[in-house]
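Q: Quick one: the structure is below, questions incoming.
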Amino acid sequence: MTETRRICLLPGDGIGPEITAEAVKVLRVIGEREVMTFEFNEALLGGIAIDETGTPLPEETLAKAHAADAVLLAAIGGPKWDTTDPDKPRPEQGLLGIRKGLGLYANLRPVKIFDALRDASSLKPEFLEGVDMLIVRELTGGLYFGSRARETDVPGAATGGGEGMRAYDTMEYREYEIERIVRVAFDAARTRGKLVHSVDKANVLESSRLWREVAHRVAQEYPDVEVVDQLVDNTAMQLIRRPAQFDVIVTENMFGDILSDEASMLTGSLGMLASASLGDGTALYEPSHGSAPDIAGQRVANPLAMLLSVELMLRYSFDMHAAADRLAAAIEAVLAEGWRTRDIADTSTLPQKMVGTSAMGDLVVEELG
């Protein structure tokens, strides 16, 4: 009897619909091989949702996400919706809202070097030997969700001491929020290299001092895992200096946002970095790149981060590890054969090996057999 898995698709903005089409293509093939039916239900999120409904996260979208077995998000945002007006909706509010609405507090971003792409990295190949890390980012606390405000007519806020504007954002964490994300990191480390770097700014921030205190307490329950405290600025430097030293990095929301984007360049392109957001509700999977509005509609976007997000979905939401292994191997094989989208191409890439979005998806499907 064929099983059914319901996937809520959020194509979003820019190149989102293009890479979503490749994910659906690959999933249909996997479904045929695994005698599994993937049922797709599309919904609005981000800029397109603002245009069509006036809000970046319609209630219908959140309802569809709750009803699904997994959510697959492509990309949101673009200059069209950029604004500094606090009263106008922004696409990013939809992303933060769906994470909060689904109770997704743990973002996992694997950073692994593909042998075929060593020359595409911003670092020399010799610095990439042994790089295989997992960044565990707290997703529903910190500055992005703390109290905030912009005030006008504040005495002394303007140049010269007159009345002007003042704005603030609050980095706030509760003990349980830190404890649960740190446990995710230690559990992951037990299946990997048994090393956790807990990243904070404890020399300055009170929230980081609480983070470090809770992390040390949880660490006592994992005597087989080594824990290293590291300041966020030093971590940013070490990711460039010697990235192979890291196994699992766990950190708060904003620090994780910045560090994971930095780490993505070790792989050569944001187009190669996938992520999984896990927690209390339906899990959400998304590539770590943006909506790339400058190339939207040109069919040249790299779909591989989206396909690698599908791999994570097969593992974490559907327990289809063999199928996930085959998809990962297919992507590796396509790259090893020299096929490239333009973001990961270099001077050695043959013209006939340069392909667009759909053709790259077709190559992965062909490798899947």
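Letters A, B, ... go to the chains of the structure tokens in the order shown; residues in each chain start at 1; ligands are counted from 1 in the same order.
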Hey, what does DSSP flag as alpha helix (DSSP H) within stretch 74-266 of chain A? Can you give it to me as a ChimeraX atom specification?
A: /A:91-102,175-190,206-219,232-241,253-264
Q: Pull C-alpha atoms from the residues just selected and write them as a compact mmCIF listing (two decimals), in the first residue's frame.
A:
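The resulting file, out05.txt, is reproduced below:
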```
# COMPACT_ATOMS: atom_id res chain seq x y z
CA PRO A 91 8.62 39.65 3.88
CA GLU A 92 10.98 38.70 6.71
CA GLN A 93 8.15 39.12 9.18
CA GLY A 94 6.46 36.18 7.46
CA LEU A 95 9.50 33.98 7.94
CA LEU A 96 9.89 34.89 11.60
CA GLY A 97 6.16 34.43 12.07
CA ILE A 98 5.94 30.95 10.61
CA ARG A 99 8.94 29.82 12.66
CA LYS A 100 7.29 31.13 15.80
CA GLY A 101 3.88 29.79 14.80
CA LEU A 102 5.21 26.29 14.25
CA GLU A 175 16.61 29.64 30.69
CA TYR A 176 14.49 26.96 29.01
CA GLU A 177 15.13 28.45 25.54
CA ILE A 178 18.87 28.08 26.02
CA GLU A 179 18.65 24.64 27.59
CA ARG A 180 16.61 23.06 24.79
CA ILE A 181 18.81 24.36 21.95
CA VAL A 182 21.99 23.33 23.76
CA ARG A 183 20.57 19.83 24.18
CA VAL A 184 19.93 19.66 20.43
CA ALA A 185 23.58 20.49 19.84
CA PHE A 186 24.92 17.94 22.35
CA ASP A 187 22.65 15.21 21.01
CA ALA A 188 23.90 15.95 17.49
CA ALA A 189 27.54 15.94 18.62
CA ARG A 190 27.11 12.47 20.09
CA GLU A 206 24.26 39.45 30.33
CA SER A 207 22.17 37.19 28.08
CA SER A 208 25.39 35.49 26.99
CA ARG A 209 26.50 34.98 30.56
CA LEU A 210 23.21 33.18 31.22
CA TRP A 211 23.76 31.22 27.98
CA ARG A 212 27.20 30.06 29.16
CA GLU A 213 25.94 29.14 32.62
CA VAL A 214 23.10 26.99 31.24
CA ALA A 215 25.35 25.42 28.60
CA HIS A 216 27.84 24.33 31.30
CA ARG A 217 25.07 22.79 33.35
CA VAL A 218 23.71 20.80 30.39
CA ALA A 219 27.24 19.74 29.45
CA VAL A 232 31.40 35.15 18.64
CA ASP A 233 34.02 37.51 17.21
CA ASN A 234 36.74 34.90 17.70
CA THR A 235 34.50 32.27 16.10
CA ALA A 236 34.07 34.47 13.02
CA MET A 237 37.85 34.67 12.73
CA GLN A 238 38.41 30.95 13.37
CA LEU A 239 35.91 29.97 10.65
CA ILE A 240 38.30 31.56 8.17
CA ARG A 241 41.54 30.68 9.93
CA ASN A 253 19.68 33.65 16.92
CA MET A 254 21.51 36.65 15.49
CA PHE A 255 25.00 35.21 15.98
CA GLY A 256 23.88 32.04 14.20
CA ASP A 257 22.38 34.02 11.34
CA ILE A 258 25.67 35.79 10.70
CA LEU A 259 28.04 32.87 11.30
CA SER A 260 26.09 30.44 9.11
CA ASP A 261 26.21 32.87 6.18
CA GLU A 262 29.96 33.25 6.71
CA ALA A 263 30.38 29.48 6.85
CA SER A 264 28.40 29.08 3.64
```
Q: With a distance cut-off of 12 Å and only C-alpha atoms, select the neighbouring residues of stretch 52-61 of chain A, excluding the residue or stretch itself and same-chain residues fewer than 2 positions from it, and output the selection as a PyMOL selection string.
A: chain A and resi 8-13+41-50+63-68+71+73+76-77+81+87-102
Q: Which residues are close to A:Arg340, i.e. within 8 Å by only C-alpha atoms, leaving aside same-chain residues fewer than 5 positions away? Reply as a list in words.
A: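 Once the adjacent positions are removed, what remains is Leu335, Ala345, Thr349, Lys353, Met354, Val355 and Met360 of chain A.
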Q: Find the nearest atom pair between each residue of stretch 106-138 of chain A and stretch 269-282 of chain A for residues within 9 Å, count only C-alpha atoms, give distances in Å to one decimal, sort rows by chain and ascending number, and present the table as a Markdown table.
A:
```
| residue | atom | partner | partner_atom | distance |
| --- | --- | --- | --- | --- |
| A:Ala106 | CA | A:Leu278 | CA | 5.1 |
| A:Asn107 | CA | A:Ser277 | CA | 4.3 |
| A:Leu108 | CA | A:Ala276 | CA | 5.1 |
| A:Arg109 | CA | A:Ser275 | CA | 4.6 |
| A:Pro110 | CA | A:Ala274 | CA | 6.9 |
| A:Val111 | CA | A:Leu273 | CA | 6.8 |
| A:Lys112 | CA | A:Leu273 | CA | 8.7 |
| A:Ala120 | CA | A:Ser269 | CA | 7.7 |
| A:Ser121 | CA | A:Ser269 | CA | 7.5 |
```
Q: Nearest to A:Glu337 among A:Asp115, A:Asp82, A:Glu151, A:Glu126, with distances taken over only C-alpha atoms: which residue is it?
A: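 Looking only at the distances to A:Glu337, the closest residue turns out to be A:Asp115.
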Q: List the neighbours of A:Glu18 out to 10 Å using only C-alpha atoms; skip same-chain residues closer than 6 positions along the sequence, and give me the result as a PyMOL selection string.
A: chain A and resi 11+74+296-303+357-358
Q: Go ahead and dump the residues you just picked, C-alpha atoms, as a short mmCIF file (atom, residue, chain, number, x, y, z; two decimals), in the first residue's frame.
A:
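After the write, selection-v6.cif holds the following:
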```cif
data_model
loop_
_atom_site.label_atom_id
_atom_site.label_comp_id
_atom_site.auth_asym_id
_atom_site.auth_seq_id
_atom_site.Cartn_x
_atom_site.Cartn_y
_atom_site.Cartn_z
CA PRO A 11 7.79 29.08 -3.26
CA ALA A 74 12.28 28.35 -1.19
CA ALA A 296 14.68 35.72 -11.13
CA GLY A 297 13.05 34.42 -14.29
CA GLN A 298 16.35 33.80 -16.06
CA ARG A 299 16.38 30.08 -15.15
CA VAL A 300 20.04 30.22 -14.10
CA ALA A 301 19.61 29.84 -10.31
CA ASN A 302 21.35 27.00 -8.53
CA PRO A 303 18.69 24.55 -7.20
CA THR A 357 18.13 25.58 -13.10
CA SER A 358 15.97 22.99 -14.84
#
```
Q: Which residue, A:Arg6, A:His197, A:Arg33, A:Arg150, has the smallest gap to A:Met133 when you use only C-alpha atoms?
A: A:His197
Q: So that I can check the secondary structure, give me every residue of stretch 210-304 of chain A assigned strand (DSSP E) by backbone DSSP, as a VMD selection string.
A: chain A and resid 226 to 231 248 to 251 274 to 279 284 to 287
Q: For stretch 29-32 of chain A, please output as a list in words all residues within 9 Å (counting only C-alpha atoms; exclusion window: fewer than 6 positions along the same chain).
A: Phe38, Ala323, Leu327, Val365, Leu368 and Gly369 of chain A
Q: Using only N, CA and C atoms, please write the residues we just selected to a file, as a short mmCIF file (atom, residue, chain, number, x, y, z; two decimals), in the first residue's frame.
A:
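Full text of part.cif as output:
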```cif
data_model
loop_
_atom_site.label_atom_id
_atom_site.label_comp_id
_atom_site.auth_asym_id
_atom_site.auth_seq_id
_atom_site.Cartn_x
_atom_site.Cartn_y
_atom_site.Cartn_z
N PHE A 38 3.97 11.81 -2.58
CA PHE A 38 4.15 13.13 -1.98
C PHE A 38 3.03 14.02 -2.48
N ALA A 323 16.76 6.85 0.95
CA ALA A 323 16.44 7.76 -0.15
C ALA A 323 17.25 9.05 -0.03
N LEU A 327 19.90 10.61 -2.77
CA LEU A 327 19.83 11.97 -3.30
C LEU A 327 21.15 12.70 -3.08
N VAL A 365 18.02 14.05 -11.34
CA VAL A 365 17.02 13.01 -11.59
C VAL A 365 17.64 11.84 -12.35
N LEU A 368 19.66 9.74 -10.12
CA LEU A 368 18.83 8.95 -9.21
C LEU A 368 18.36 7.66 -9.86
N GLY A 369 18.43 7.65 -11.20
CA GLY A 369 18.07 6.43 -11.94
C GLY A 369 16.59 6.17 -11.93
#
```
Q: Find the distance between atom CA of A:Lys124 and atom CA of A:Gly268 and write it in Å to one decimal.
A: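 Interatomic distance here is 11.0 Å.
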